[in-house]
$ cat work-v9.pdb   # PDB, C-alpha atoms and all ligand atoms
ATOM      1  CA  MET A   1      -4.458 -14.116   7.955
ATOM      2  CA  GLY A   2      -2.990 -10.678   7.906
ATOM      3  CA  ASN A   3      -0.656  -8.222   9.541
ATOM      4  CA  HIS A   4      -0.788  -5.847  12.478
ATOM      5  CA  PHE A   5       0.851  -2.438  12.310
ATOM      6  CA  SER A   6       0.854  -0.753  15.668
ATOM      7  CA  ALA A   7       1.957   2.002  17.979
ATOM      8  CA  ASP A   8       1.742   0.178  21.313
ATOM      9  CA  ALA A   9       2.747   3.298  23.214
ATOM     10  CA  LEU A  10      -0.485   4.928  21.999
ATOM     11  CA  GLY A  11      -2.618   1.783  22.185
ATOM     12  CA  LEU A  12      -3.141   1.911  18.408
ATOM     13  CA  ASP A  13      -3.261  -1.064  16.057
ATOM     14  CA  ILE A  14      -4.118  -1.329  12.365
ATOM     15  CA  TYR A  15      -4.975  -4.725  10.950
ATOM     16  CA  MET A  16      -4.494  -5.398   7.251
ATOM     17  CA  THR A  17      -5.346  -8.613   5.420
ATOM     18  CA  ASN A  18      -2.477 -10.107   3.400
ATOM     19  CA  SER A  19      -3.902  -8.737   0.172
ATOM     20  CA  SER A  20      -4.427  -5.256   1.592
ATOM     21  CA  THR A  21      -0.857  -5.413   2.953
ATOM     22  CA  ASP A  22       0.289  -6.109  -0.615
ATOM     23  CA  VAL A  23      -1.632  -3.081  -1.858
ATOM     24  CA  PHE A  24      -0.253  -0.933   0.951
ATOM     25  CA  CYS A  25       3.297  -1.941   0.001
ATOM     26  CA  ASP A  26       2.686  -1.461  -3.729
ATOM     27  CA  VAL A  27       1.503   2.121  -3.316
ATOM     28  CA  ILE A  28       4.363   2.991  -0.934
ATOM     29  CA  ALA A  29       6.883   1.488  -3.363
ATOM     30  CA  LEU A  30       5.408   3.607  -6.166
ATOM     31  CA  ALA A  31       5.290   6.756  -4.058
ATOM     32  CA  GLY A  32       8.748   6.398  -2.548
ATOM     33  CA  SER A  33      11.239   4.861  -4.951
ATOM     34  CA  SER A  34      11.922   8.143  -6.736
ATOM     35  CA  MET A  35      12.013  10.418  -3.664
ATOM     36  CA  THR A  36      14.719   9.004  -1.373
ATOM     37  CA  ARG A  37      17.620  11.328  -0.610
ATOM     38  CA  THR A  38      19.214   9.703   2.456
ATOM     39  CA  VAL A  39      20.332   6.204   3.353
ATOM     40  CA  TRP A  40      17.628   5.961   6.040
ATOM     41  CA  GLN A  41      14.965   6.952   3.509
ATOM     42  CA  GLN A  42      16.234   4.323   1.065
ATOM     43  CA  HIS A  43      16.000   1.631   3.756
ATOM     44  CA  LEU A  44      12.463   2.660   4.667
ATOM     45  CA  VAL A  45      11.185   2.446   1.089
ATOM     46  CA  LEU A  46      13.127  -0.776   0.461
ATOM     47  CA  HIS A  47      11.500  -2.259   3.538
ATOM     48  CA  PHE A  48       8.080  -1.857   1.921
ATOM     49  CA  CYS A  49       9.346  -3.034  -1.486
ATOM     50  CA  ASP A  50      10.403  -6.354   0.084
ATOM     51  CA  LEU A  51       7.692  -6.628   2.749
ATOM     52  CA  GLU A  52       5.282  -9.564   2.670
ATOM     53  CA  ARG A  53       6.805 -11.116  -0.441
ATOM     54  CA  PHE A  54       7.403 -14.576   1.054
ATOM     55  CA  ARG A  55       6.148 -14.427   4.616
ATOM     56  CA  ALA A  56       2.437 -13.781   4.577
ATOM     57  CA  GLY A  57       1.094 -12.854   7.961
ATOM     58  CA  ILE A  58       4.188 -11.920   9.949
ATOM     59  CA  SER A  59       5.164  -8.695   8.226
ATOM     60  CA  GLY A  60       3.565  -6.190  10.557
ATOM     61  CA  PHE A  61       5.567  -4.117  12.996
ATOM     62  CA  ASP A  62       5.285  -1.603  15.771
ATOM     63  CA  LEU A  63       6.429   1.926  14.911
ATOM     64  CA  ALA A  64       8.843   1.781  17.866
ATOM     65  CA  GLU A  65      10.664  -1.133  16.158
ATOM     66  CA  LEU A  66      11.865   1.014  13.250
ATOM     67  CA  PRO A  67      15.558   1.999  13.505
ATOM     68  CA  TRP A  68      14.927   5.658  14.424
ATOM     69  CA  THR A  69      18.126   7.672  14.826
ATOM     70  CA  GLN A  70      18.963  11.069  16.367
ATOM     71  CA  ASP A  71      17.384  12.457  13.192
ATOM     72  CA  HIS A  72      14.035  10.885  14.058
ATOM     73  CA  GLN A  73      12.083  14.091  13.492
ATOM     74  CA  ALA A  74      13.271  14.332   9.877
ATOM     75  CA  GLU A  75      12.745  10.577   9.484
ATOM     76  CA  GLN A  76       9.171  10.786  10.711
ATOM     77  CA  ASP A  77       8.528  13.803   8.452
ATOM     78  CA  PHE A  78       9.807  11.848   5.467
ATOM     79  CA  PHE A  79       7.628   8.857   6.320
ATOM     80  CA  LEU A  80       4.575  11.155   6.506
ATOM     81  CA  VAL A  81       5.389  12.776   3.148
ATOM     82  CA  LEU A  82       5.810   9.300   1.685
ATOM     83  CA  LEU A  83       2.389   8.178   2.952
ATOM     84  CA  ASP A  84       0.824  11.422   1.764
ATOM     85  CA  ARG A  85       2.210  10.849  -1.739
ATOM     86  CA  ALA A  86       0.756   7.326  -1.671
ATOM     87  CA  ASN A  87      -2.549   8.760  -0.467
ATOM     88  CA  ARG A  88      -2.491  11.189  -3.406
ATOM     89  CA  ARG A  89      -2.148   8.184  -5.734
ATOM     90  CA  THR A  90       1.389   8.883  -6.893
ATOM     91  CA  GLY A  91       2.292   6.381  -9.619
ATOM     92  CA  TRP A  92      -1.016   4.539  -9.446
ATOM     93  CA  GLU A  93      -1.274   4.621 -13.242
ATOM     94  CA  LYS A  94       1.367   1.846 -13.195
ATOM     95  CA  LEU A  95      -0.769  -0.475 -11.050
ATOM     96  CA  HIS A  96      -2.538  -3.447 -12.642
ATOM     97  CA  TYR A  97      -5.624  -3.000 -10.475
ATOM     98  CA  THR A  98      -7.625  -0.319  -8.668
ATOM     99  CA  PRO A  99      -6.761  -0.220  -4.963
ATOM    100  CA  SER A 100      -9.247   0.518  -2.229
ATOM    101  CA  ILE A 101      -6.999   1.190   0.725
ATOM    102  CA  ASP A 102      -7.913   4.723   1.700
ATOM    103  CA  TYR A 103      -8.910   3.510   5.130
ATOM    104  CA  ASN A 104      -5.562   1.837   5.824
ATOM    105  CA  LEU A 105      -3.463   4.704   4.531
ATOM    106  CA  GLY A 106      -5.489   7.302   6.411
ATOM    107  CA  ALA A 107      -5.368   5.295   9.633
ATOM    108  CA  PHE A 108      -1.632   4.720   9.273
ATOM    109  CA  ILE A 109      -1.037   8.431   8.681
ATOM    110  CA  GLN A 110      -3.030   9.291  11.819
ATOM    111  CA  MET A 111      -1.108   6.726  13.865
ATOM    112  CA  LEU A 112       2.273   7.937  12.633
ATOM    113  CA  THR A 113       1.322  11.574  13.176
ATOM    114  CA  ARG A 114       0.577  10.920  16.855
ATOM    115  CA  PHE A 115       3.642   8.700  17.385
ATOM    116  CA  ARG A 116       6.697  10.220  19.132
ATOM    117  CA  PRO A 117       9.838   8.363  18.008
ATOM    118  CA  THR A 118      12.995   8.115  20.069
ATOM    119  CA  PRO A 119      16.345   6.739  18.888
ATOM    120  CA  THR A 120      16.213   2.931  18.748
ATOM    121  CA  ILE A 121      19.004   1.109  20.584
ATOM    122  CA  SER A 122      18.971  -1.967  18.388
ATOM    123  CA  SER A 123      16.421  -2.908  15.763
ATOM    124  CA  ASP A 124      15.605  -6.209  14.050
ATOM    125  CA  PHE A 125      15.371  -4.131  10.872
ATOM    126  CA  GLY A 126      19.162  -3.716  10.832
ATOM    127  CA  ASN A 127      21.323  -0.649  10.654
ATOM    128  CA  TRP A 128      19.649   2.022   8.546
ATOM    129  CA  THR A 129      22.614   4.401   8.791
ATOM    130  CA  SER A 130      24.820   2.412   6.424
ATOM    131  CA  ALA A 131      24.084   2.371   2.694
ATOM    132  CA  PRO A 132      22.009  -0.496   1.266
ATOM    133  CA  LYS A 133      23.737  -2.749  -1.251
ATOM    134  CA  PRO A 134      23.599  -0.921  -4.586
ATOM    135  CA  TYR A 135      21.696  -3.660  -6.466
ATOM    136  CA  LEU A 136      18.792  -3.292  -4.034
ATOM    137  CA  LEU A 137      18.281   0.241  -5.354
ATOM    138  CA  ASP A 138      18.077  -0.804  -9.010
ATOM    139  CA  ARG A 139      14.749   0.365 -10.300
ATOM    140  CA  CYS A 140      12.399  -1.627 -12.513
ATOM    141  CA  LEU A 141      12.407  -0.179 -16.010
ATOM    142  CA  ARG A 142       8.651  -0.587 -16.360
ATOM    143  CA  HIS A 143       7.402   0.360 -12.889
ATOM    144  CA  LYS A 144      10.255   2.577 -11.616
ATOM    145  CA  VAL A 145      10.224   0.995  -8.145
ATOM    146  CA  PHE A 146      13.241  -0.423  -6.313
ATOM    147  CA  ARG A 147      13.861  -4.065  -7.183
ATOM    148  CA  GLY A 148      14.973  -4.783  -3.620
ATOM    149  CA  GLU A 149      15.974  -8.265  -2.549
ATOM    150  CA  PHE A 150      13.258 -10.110  -4.488
ATOM    151  CA  GLY A 151      12.879  -8.075  -7.690
ATOM    152  CA  CYS A 152      10.228  -5.513  -8.583
ATOM    153  CA  ARG A 153       7.076  -6.290  -6.606
ATOM    154  CA  LEU A 154       4.856  -4.965  -9.410
ATOM    155  CA  CYS A 155       6.455  -7.465 -11.812
ATOM    156  CA  ASP A 156       5.797 -10.355  -9.429
ATOM    157  CA  THR A 157       3.249 -12.750 -10.903
ATOM    158  CA  TRP A 158       2.556 -14.142  -7.392
ATOM    159  CA  THR A 159       1.455 -10.887  -5.795
ATOM    160  CA  GLN A 160      -0.155  -9.152  -8.771
ATOM    161  CA  PRO A 161      -3.575 -10.002 -10.285
ATOM    162  CA  SER A 162      -3.624 -13.024 -12.566
ATOM    163  CA  ASP A 163      -5.349 -11.070 -15.336
ATOM    164  CA  ALA A 164      -2.601  -8.446 -15.514
ATOM    165  CA  PRO A 165      -0.705  -8.365 -18.829
ATOM    166  CA  PHE A 166       2.648 -10.132 -18.634
ATOM    167  CA  VAL A 167       5.925 -10.185 -20.550
ATOM    168  CA  TRP A 168       8.779 -12.679 -20.674
ATOM    169  CA  GLU A 169      12.209 -11.599 -19.575
ATOM    170  CA  VAL A 170      15.631 -13.076 -18.977
ATOM    171  CA  THR A 171      17.207 -12.007 -15.705
ATOM    172  CA  SER A 172      20.963 -12.511 -15.473
ATOM    173  CA  THR A 173      22.357 -12.381 -11.950
ATOM    174  CA  TYR A 174      26.052 -11.989 -11.178
ATOM    175  CA  THR A 175      27.303 -12.992  -7.735
ATOM    176  CA  VAL A 176      30.669 -12.616  -6.034
ATOM    177  CA  ASP A 177      31.942 -16.101  -6.769
ATOM    178  CA  GLY A 178      29.243 -17.383  -9.080
ATOM    179  CA  THR A 179      27.447 -19.511  -6.495
ATOM    180  CA  ARG A 180      23.876 -19.181  -5.270
ATOM    181  CA  ASN A 181      24.465 -17.998  -1.730
ATOM    182  CA  THR A 182      26.819 -15.098  -2.169
ATOM    183  CA  GLU A 183      26.276 -11.414  -2.611
ATOM    184  CA  ILE A 184      24.676 -10.187  -5.832
ATOM    185  CA  ILE A 185      26.910  -7.707  -7.616
ATOM    186  CA  ASP A 186      24.925  -7.083 -10.760
ATOM    187  CA  ARG A 187      21.658  -7.986 -12.382
ATOM    188  CA  ARG A 188      20.627  -7.488 -16.008
ATOM    189  CA  ILE A 189      17.251  -7.946 -17.557
ATOM    190  CA  TRP A 190      16.161  -8.369 -21.154
ATOM    191  CA  GLN A 191      12.594  -8.445 -22.351
ATOM    192  CA  ILE A 192      12.068 -11.456 -24.636
ATOM    193  CA  PRO A 193       9.482 -11.406 -27.446
ATOM    194  CA  GLU A 194       6.663 -13.891 -26.827
ATOM    195  CA  GLY A 195       7.279 -15.566 -30.204
ATOM    196  CA  LEU A 196      10.743 -16.758 -29.139
ATOM    197  CA  ILE A 197       9.534 -18.543 -25.996
ATOM    198  CA  PRO A 198       8.586 -21.914 -27.585
ATOM    199  CA  ARG A 199      12.018 -22.057 -29.244
ATOM    200  CA  ILE A 200      13.761 -21.436 -25.919
ATOM    201  CA  PHE A 201      11.628 -24.047 -24.129
ATOM    202  CA  ALA A 202      12.493 -26.550 -26.869
ATOM    203  CA  ILE A 203      16.139 -26.227 -25.844
ATOM    204  CA  ALA A 204      16.091 -25.331 -22.171
ATOM    205  CA  GLY A 205      13.036 -27.400 -21.134
ATOM    206  CA  ASN A 206       9.444 -26.580 -20.281
ATOM    207  CA  PRO A 207       8.627 -25.103 -16.874
ATOM    208  CA  GLU A 208       6.624 -27.120 -14.361
ATOM    209  CA  ARG A 209       2.892 -26.482 -14.575
ATOM    210  CA  ARG A 210       2.787 -23.869 -11.795
ATOM    211  CA  ALA A 211       6.270 -22.456 -12.255
ATOM    212  CA  VAL A 212       6.668 -18.922 -13.513
ATOM    213  CA  GLY A 213       9.888 -19.614 -15.362
ATOM    214  CA  ILE A 214      12.938 -21.776 -15.876
ATOM    215  CA  SER A 215      16.588 -21.424 -15.151
ATOM    216  CA  ILE A 216      18.787 -21.653 -18.224
ATOM    217  CA  GLU A 217      21.491 -24.220 -17.539
ATOM    218  CA  PRO A 218      25.104 -23.717 -18.678
ATOM    219  CA  GLN A 219      24.895 -26.323 -21.469
ATOM    220  CA  HIS A 220      22.021 -24.388 -23.078
ATOM    221  CA  LEU A 221      23.485 -20.890 -22.843
ATOM    222  CA  GLU A 222      24.953 -20.769 -26.305
ATOM    223  CA  ALA A 223      21.814 -21.981 -28.087
ATOM    224  CA  VAL A 224      19.554 -19.659 -26.089
ATOM    225  CA  SER A 225      21.924 -16.723 -26.670
ATOM    226  CA  ALA A 226      21.592 -17.314 -30.402
ATOM    227  CA  ILE A 227      17.786 -17.282 -30.232
ATOM    228  CA  ILE A 228      17.518 -14.091 -28.212
ATOM    229  CA  GLN A 229      20.543 -12.512 -29.945
ATOM    230  CA  THR A 230      22.014 -11.538 -26.587
ATOM    231  CA  PRO A 231      25.198 -13.026 -25.159
ATOM    232  CA  LEU A 232      24.532 -14.833 -21.861
ATOM    233  CA  ASP A 233      27.633 -14.780 -19.694
ATOM    234  CA  PRO A 234      28.621 -18.218 -18.307
ATOM    235  CA  GLN A 235      29.701 -16.472 -15.074
ATOM    236  CA  ALA A 236      26.126 -15.436 -14.328
ATOM    237  CA  ARG A 237      22.921 -17.301 -13.443
ATOM    238  CA  HIS A 238      20.100 -16.856 -15.951
ATOM    239  CA  TRP A 239      16.380 -17.117 -15.354
ATOM    240  CA  LEU A 240      13.688 -16.915 -18.018
ATOM    241  CA  GLY A 241      10.540 -15.842 -16.245
ATOM    242  CA  LYS A 242       7.209 -14.107 -16.501
ATOM    243  CA  ALA A 243       6.821 -10.577 -15.223
ATOM    244  CA  MET A 244       3.915  -8.153 -15.169
ATOM    245  CA  ASP A 245       3.930  -5.555 -17.915
TER     246      ASP A 245
HETATM  247 ZN    ZN A 301       8.379  -3.939 -12.412
END

$ encode --input "work-v9.pdb" --output "structure tokens" --more "lines below"
Ligand SMILES: [Zn+2]
Amino acid sequence: MGNHFSADALGLDIYMTNSSTDVFCDVIALAGSSMTRTVWQQHLVLHFCDLERFRAGISGFDLAELPWTQDHQAEQDFFLVLLDRANRRTGWEKLHYTPSIDYNLGAFIQMLTRFRPTPTISSDFGNWTSAPKPYLLDRCLRHKVFRGEFGCRLCDTWTQPSDAPFVWEVTSTYTVDGTRNTEIIDRRIWQIPEGLIPRIFAIAGNPERRAVGISIEPQHLEAVSAIIQTPLDPQARHWLGKAMD
């Protein structure tokens, strides 16, 4: 299983396995999260930060599907600079593995260079001329990449190598009316020393065998707050989970 990235108008198609798609997205996230100046640029980098996180095998796209605007020349130039930075290994020192994706990056750069964008009437990617929600642009303190919709992809224990060093952290998420399905308005993260974890599990419960964390229920907030010496707001949802260091 994998993904196809294409420029149908040119008859070009690049196939990436799911794991090479992950690598491709990791290096673009690292190269791009600190260089966005416009709303469109933010959306482009965010797209790769969130790509392939929970939908292995259907994440590819055709270049014509991107929401190109009247500024498509500048947008294409930015995309090429972004890929060039990734190709020059920008931020790779923060990776937990050594990528071998030169072929994919080089082929993608060639495809994008030859592509001639025109303004897109309507795109499944949404409207890239209005600002993304601010919390999407929060950057991971350790890896400096956008957290996006699903959190930092380099902290994700599902997409990163299992032998990468990990840390425990509490993520507190604030939503508009405190329920699960509404807009996130703020997110705070505290790193939790390994030695405190057994004490928290003793109160809040052990995670399932394959789970990467537990949610801290309201009745346990006070006791857990005391252990980690950080007040946990009852208005927020709290998740104690593993992340990559
Ligand atoms: Zn991270």

$ residues_near_ligand --input "work-v9.pdb" --ligand "ligand ZN 301 (chain A)" --cutoff "8 Å" --atoms "all atoms listed in the file" --output "short mmCIF file (atom, residue, chain, number, x, y, z; two decimals) with C-alpha atoms, keeping the file's coordinate frame"
data_model
loop_
_atom_site.label_atom_id
_atom_site.label_comp_id
_atom_site.auth_asym_id
_atom_site.auth_seq_id
_atom_site.Cartn_x
_atom_site.Cartn_y
_atom_site.Cartn_z
CA ARG A 139 14.75 0.36 -10.30
CA CYS A 140 12.40 -1.63 -12.51
CA LEU A 141 12.41 -0.18 -16.01
CA ARG A 142 8.65 -0.59 -16.36
CA HIS A 143 7.40 0.36 -12.89
CA LYS A 144 10.26 2.58 -11.62
CA VAL A 145 10.22 1.00 -8.14
CA ARG A 147 13.86 -4.07 -7.18
CA GLY A 151 12.88 -8.07 -7.69
CA CYS A 152 10.23 -5.51 -8.58
CA ARG A 153 7.08 -6.29 -6.61
CA LEU A 154 4.86 -4.96 -9.41
CA CYS A 155 6.46 -7.46 -11.81
CA ASP A 156 5.80 -10.36 -9.43
CA ALA A 243 6.82 -10.58 -15.22
CA MET A 244 3.92 -8.15 -15.17
CA ASP A 245 3.93 -5.56 -17.92
#

$ axis_aligned_box --input "work-v9.pdb" --around "range 26-42 of chain A" --padding-each-side "5 Å" --output "lines of an AutoDock Vina configuration file"
center_x = 10.9
center_y = 4.9
center_z = -0.3
size_x = 28.8
size_y = 22.8
size_z = 22.8

$ closest_residue --input "work-v9.pdb" --among "A:Leu82, A:Ile28, A:Leu240, A:Ala211" --to "Trp190 in chain A" --atoms "only C-alpha atoms"
A:Leu240

$ resolve_selection --input "work-v9.pdb" --expression "the PyMOL selection byres (((chain A and resi 58) around 12) and not hetatm)" --output "PDB file with C-alpha atoms, in the frame of the given file"
ATOM      1  CA  MET A   1      -4.458 -14.116   7.955  1.00  0.00           C
ATOM      2  CA  GLY A   2      -2.990 -10.678   7.906  1.00  0.00           C
ATOM      3  CA  ASN A   3      -0.656  -8.222   9.541  1.00  0.00           C
ATOM      4  CA  HIS A   4      -0.788  -5.847  12.478  1.00  0.00           C
ATOM      5  CA  PHE A   5       0.851  -2.438  12.310  1.00  0.00           C
ATOM      6  CA  TYR A  15      -4.975  -4.725  10.950  1.00  0.00           C
ATOM      7  CA  MET A  16      -4.494  -5.398   7.251  1.00  0.00           C
ATOM      8  CA  THR A  17      -5.346  -8.613   5.420  1.00  0.00           C
ATOM      9  CA  ASN A  18      -2.477 -10.107   3.400  1.00  0.00           C
ATOM     10  CA  THR A  21      -0.857  -5.413   2.953  1.00  0.00           C
ATOM     11  CA  LEU A  51       7.692  -6.628   2.749  1.00  0.00           C
ATOM     12  CA  GLU A  52       5.282  -9.564   2.670  1.00  0.00           C
ATOM     13  CA  ARG A  53       6.805 -11.116  -0.441  1.00  0.00           C
ATOM     14  CA  PHE A  54       7.403 -14.576   1.054  1.00  0.00           C
ATOM     15  CA  ARG A  55       6.148 -14.427   4.616  1.00  0.00           C
ATOM     16  CA  ALA A  56       2.437 -13.781   4.577  1.00  0.00           C
ATOM     17  CA  GLY A  57       1.094 -12.854   7.961  1.00  0.00           C
ATOM     18  CA  SER A  59       5.164  -8.695   8.226  1.00  0.00           C
ATOM     19  CA  GLY A  60       3.565  -6.190  10.557  1.00  0.00           C
ATOM     20  CA  PHE A  61       5.567  -4.117  12.996  1.00  0.00           C
ATOM     21  CA  ASP A  62       5.285  -1.603  15.771  1.00  0.00           C
TER      22      ASP A  62
END

$ resolve_selection --input "work-v9.pdb" --expression "the PyMOL selection byres (((chain A and resi 173) around 10) and not hetatm)" --output "list in words"
Val170, Thr171, Ser172, Tyr174, Thr175, Gly178, Arg180, Ile184, Ile185, Asp186, Arg187, Arg188, Ile189, Asp233, Gln235, Ala236, Arg237, His238 and Trp239 of chain A

$ resolve_selection --input "work-v9.pdb" --expression "the PyMOL selection byres (((chain A and resi 109) around 12) and not hetatm)" --output "ChimeraX atom specification"
/A:5-7,12,14,63,76-87,102-108,110-115

$ residues_around --input "work-v9.pdb" --residues "Ile227 in chain A" --least-positions-apart "2" --cutoff "12 Å" --atoms "only C-alpha atoms" --output "PyMOL selection string"
chain A and resi 192-193+195-204+220-225+229-232

$ write_last_selection --input "work-v9.pdb" --atoms "C-alpha atoms" --output "PDB file, in the frame of the given file"
ATOM      1  CA  ILE A 192      12.068 -11.456 -24.636  1.00  0.00           C
ATOM      2  CA  PRO A 193       9.482 -11.406 -27.446  1.00  0.00           C
ATOM      3  CA  GLY A 195       7.279 -15.566 -30.204  1.00  0.00           C
ATOM      4  CA  LEU A 196      10.743 -16.758 -29.139  1.00  0.00           C
ATOM      5  CA  ILE A 197       9.534 -18.543 -25.996  1.00  0.00           C
ATOM      6  CA  PRO A 198       8.586 -21.914 -27.585  1.00  0.00           C
ATOM      7  CA  ARG A 199      12.018 -22.057 -29.244  1.00  0.00           C
ATOM      8  CA  ILE A 200      13.761 -21.436 -25.919  1.00  0.00           C
ATOM      9  CA  PHE A 201      11.628 -24.047 -24.129  1.00  0.00           C
ATOM     10  CA  ALA A 202      12.493 -26.550 -26.869  1.00  0.00           C
ATOM     11  CA  ILE A 203      16.139 -26.227 -25.844  1.00  0.00           C
ATOM     12  CA  ALA A 204      16.091 -25.331 -22.171  1.00  0.00           C
ATOM     13  CA  HIS A 220      22.021 -24.388 -23.078  1.00  0.00           C
ATOM     14  CA  LEU A 221      23.485 -20.890 -22.843  1.00  0.00           C
ATOM     15  CA  GLU A 222      24.953 -20.769 -26.305  1.00  0.00           C
ATOM     16  CA  ALA A 223      21.814 -21.981 -28.087  1.00  0.00           C
ATOM     17  CA  VAL A 224      19.554 -19.659 -26.089  1.00  0.00           C
ATOM     18  CA  SER A 225      21.924 -16.723 -26.670  1.00  0.00           C
ATOM     19  CA  GLN A 229      20.543 -12.512 -29.945  1.00  0.00           C
ATOM     20  CA  THR A 230      22.014 -11.538 -26.587  1.00  0.00           C
ATOM     21  CA  PRO A 231      25.198 -13.026 -25.159  1.00  0.00           C
ATOM     22  CA  LEU A 232      24.532 -14.833 -21.861  1.00  0.00           C
TER      23      LEU A 232
END

$ atom_distance --input "work-v9.pdb" --atom1 "CA of Asp163 in chain A" --atom2 "CA of Ile228 in chain A"
26.4 Å

$ closest_residue --input "work-v9.pdb" --among "A:Val23, A:Phe125, A:Pro117, A:Trp158" --to "His72 in chain A" --atoms "only C-alpha atoms"
A:Pro117

$ closest_residue --input "work-v9.pdb" --among "A:His47, A:Lys94, A:Lys133, A:Lys242" --to "Glu169 in chain A" --atoms "only C-alpha atoms"
A:Lys242

$ closest_residue --input "work-v9.pdb" --among "A:Leu136, A:Gly205, A:Ser20, A:Gly126" --to "Leu46 in chain A" --atoms "all atoms listed in the file"
A:Leu136

$ atom_distance --input "work-v9.pdb" --atom1 "CA of His43 in chain A" --atom2 "CA of Gly91 in chain A"
19.7 Å

$ decode --input "work-v9.pdb" --residues "range 35-51 of chain A" --atoms "N, CA and C atoms" --output "mmCIF file, in the first residue's frame"
data_model
loop_
_atom_site.group_PDB
_atom_site.id
_atom_site.type_symbol
_atom_site.label_atom_id
_atom_site.label_comp_id
_atom_site.auth_asym_id
_atom_site.auth_seq_id
_atom_site.Cartn_x
_atom_site.Cartn_y
_atom_site.Cartn_z
ATOM 1 N N MET A 35 9.302 28.593 7.971
ATOM 2 C CA MET A 35 9.532 29.505 6.841
ATOM 3 C C MET A 35 8.257 30.072 6.233
ATOM 4 N N THR A 36 7.086 29.795 6.810
ATOM 5 C CA THR A 36 5.852 30.280 6.181
ATOM 6 C C THR A 36 5.620 31.757 6.488
ATOM 7 N N ARG A 37 5.276 32.510 5.448
ATOM 8 C CA ARG A 37 5.008 33.935 5.615
ATOM 9 C C ARG A 37 3.558 34.275 5.252
ATOM 10 N N THR A 38 2.922 33.468 4.421
ATOM 11 C CA THR A 38 1.555 33.758 3.993
ATOM 12 C C THR A 38 0.620 32.642 4.451
ATOM 13 N N VAL A 39 -0.666 32.945 4.414
ATOM 14 C CA VAL A 39 -1.687 31.982 4.789
ATOM 15 C C VAL A 39 -1.618 30.739 3.893
ATOM 16 N N TRP A 40 -1.430 30.958 2.588
ATOM 17 C CA TRP A 40 -1.354 29.833 1.649
ATOM 18 C C TRP A 40 -0.173 28.933 1.999
ATOM 19 N N GLN A 41 0.967 29.564 2.326
ATOM 20 C CA GLN A 41 2.157 28.793 2.682
ATOM 21 C C GLN A 41 1.924 27.983 3.965
ATOM 22 N N GLN A 42 1.234 28.591 4.921
ATOM 23 C CA GLN A 42 0.918 27.872 6.163
ATOM 24 C C GLN A 42 0.074 26.635 5.864
ATOM 25 N N HIS A 43 -0.954 26.810 5.009
ATOM 26 C CA HIS A 43 -1.814 25.673 4.665
ATOM 27 C C HIS A 43 -1.018 24.562 3.993
ATOM 28 N N LEU A 44 -0.112 24.943 3.103
ATOM 29 C CA LEU A 44 0.658 23.926 2.377
ATOM 30 C C LEU A 44 1.488 23.085 3.358
ATOM 31 N N VAL A 45 2.201 23.763 4.248
ATOM 32 C CA VAL A 45 3.047 23.019 5.196
ATOM 33 C C VAL A 45 2.176 22.211 6.162
ATOM 34 N N LEU A 46 1.076 22.809 6.617
ATOM 35 C CA LEU A 46 0.159 22.070 7.500
ATOM 36 C C LEU A 46 -0.370 20.810 6.818
ATOM 37 N N HIS A 47 -0.612 20.923 5.514
ATOM 38 C CA HIS A 47 -1.131 19.761 4.794
ATOM 39 C C HIS A 47 -0.178 18.572 4.947
ATOM 40 N N PHE A 48 1.120 18.835 4.855
ATOM 41 C CA PHE A 48 2.085 17.738 4.989
ATOM 42 C C PHE A 48 2.280 17.332 6.454
ATOM 43 N N CYS A 49 2.073 18.262 7.387
ATOM 44 C CA CYS A 49 2.172 17.895 8.805
ATOM 45 C C CYS A 49 1.073 16.889 9.178
ATOM 46 N N ASP A 50 -0.105 17.049 8.580
ATOM 47 C CA ASP A 50 -1.241 16.181 8.926
ATOM 48 C C ASP A 50 -1.405 14.995 7.982
ATOM 49 N N LEU A 51 -0.691 15.023 6.844
ATOM 50 C CA LEU A 51 -0.912 14.005 5.814
ATOM 51 C C LEU A 51 -0.552 12.613 6.323
#
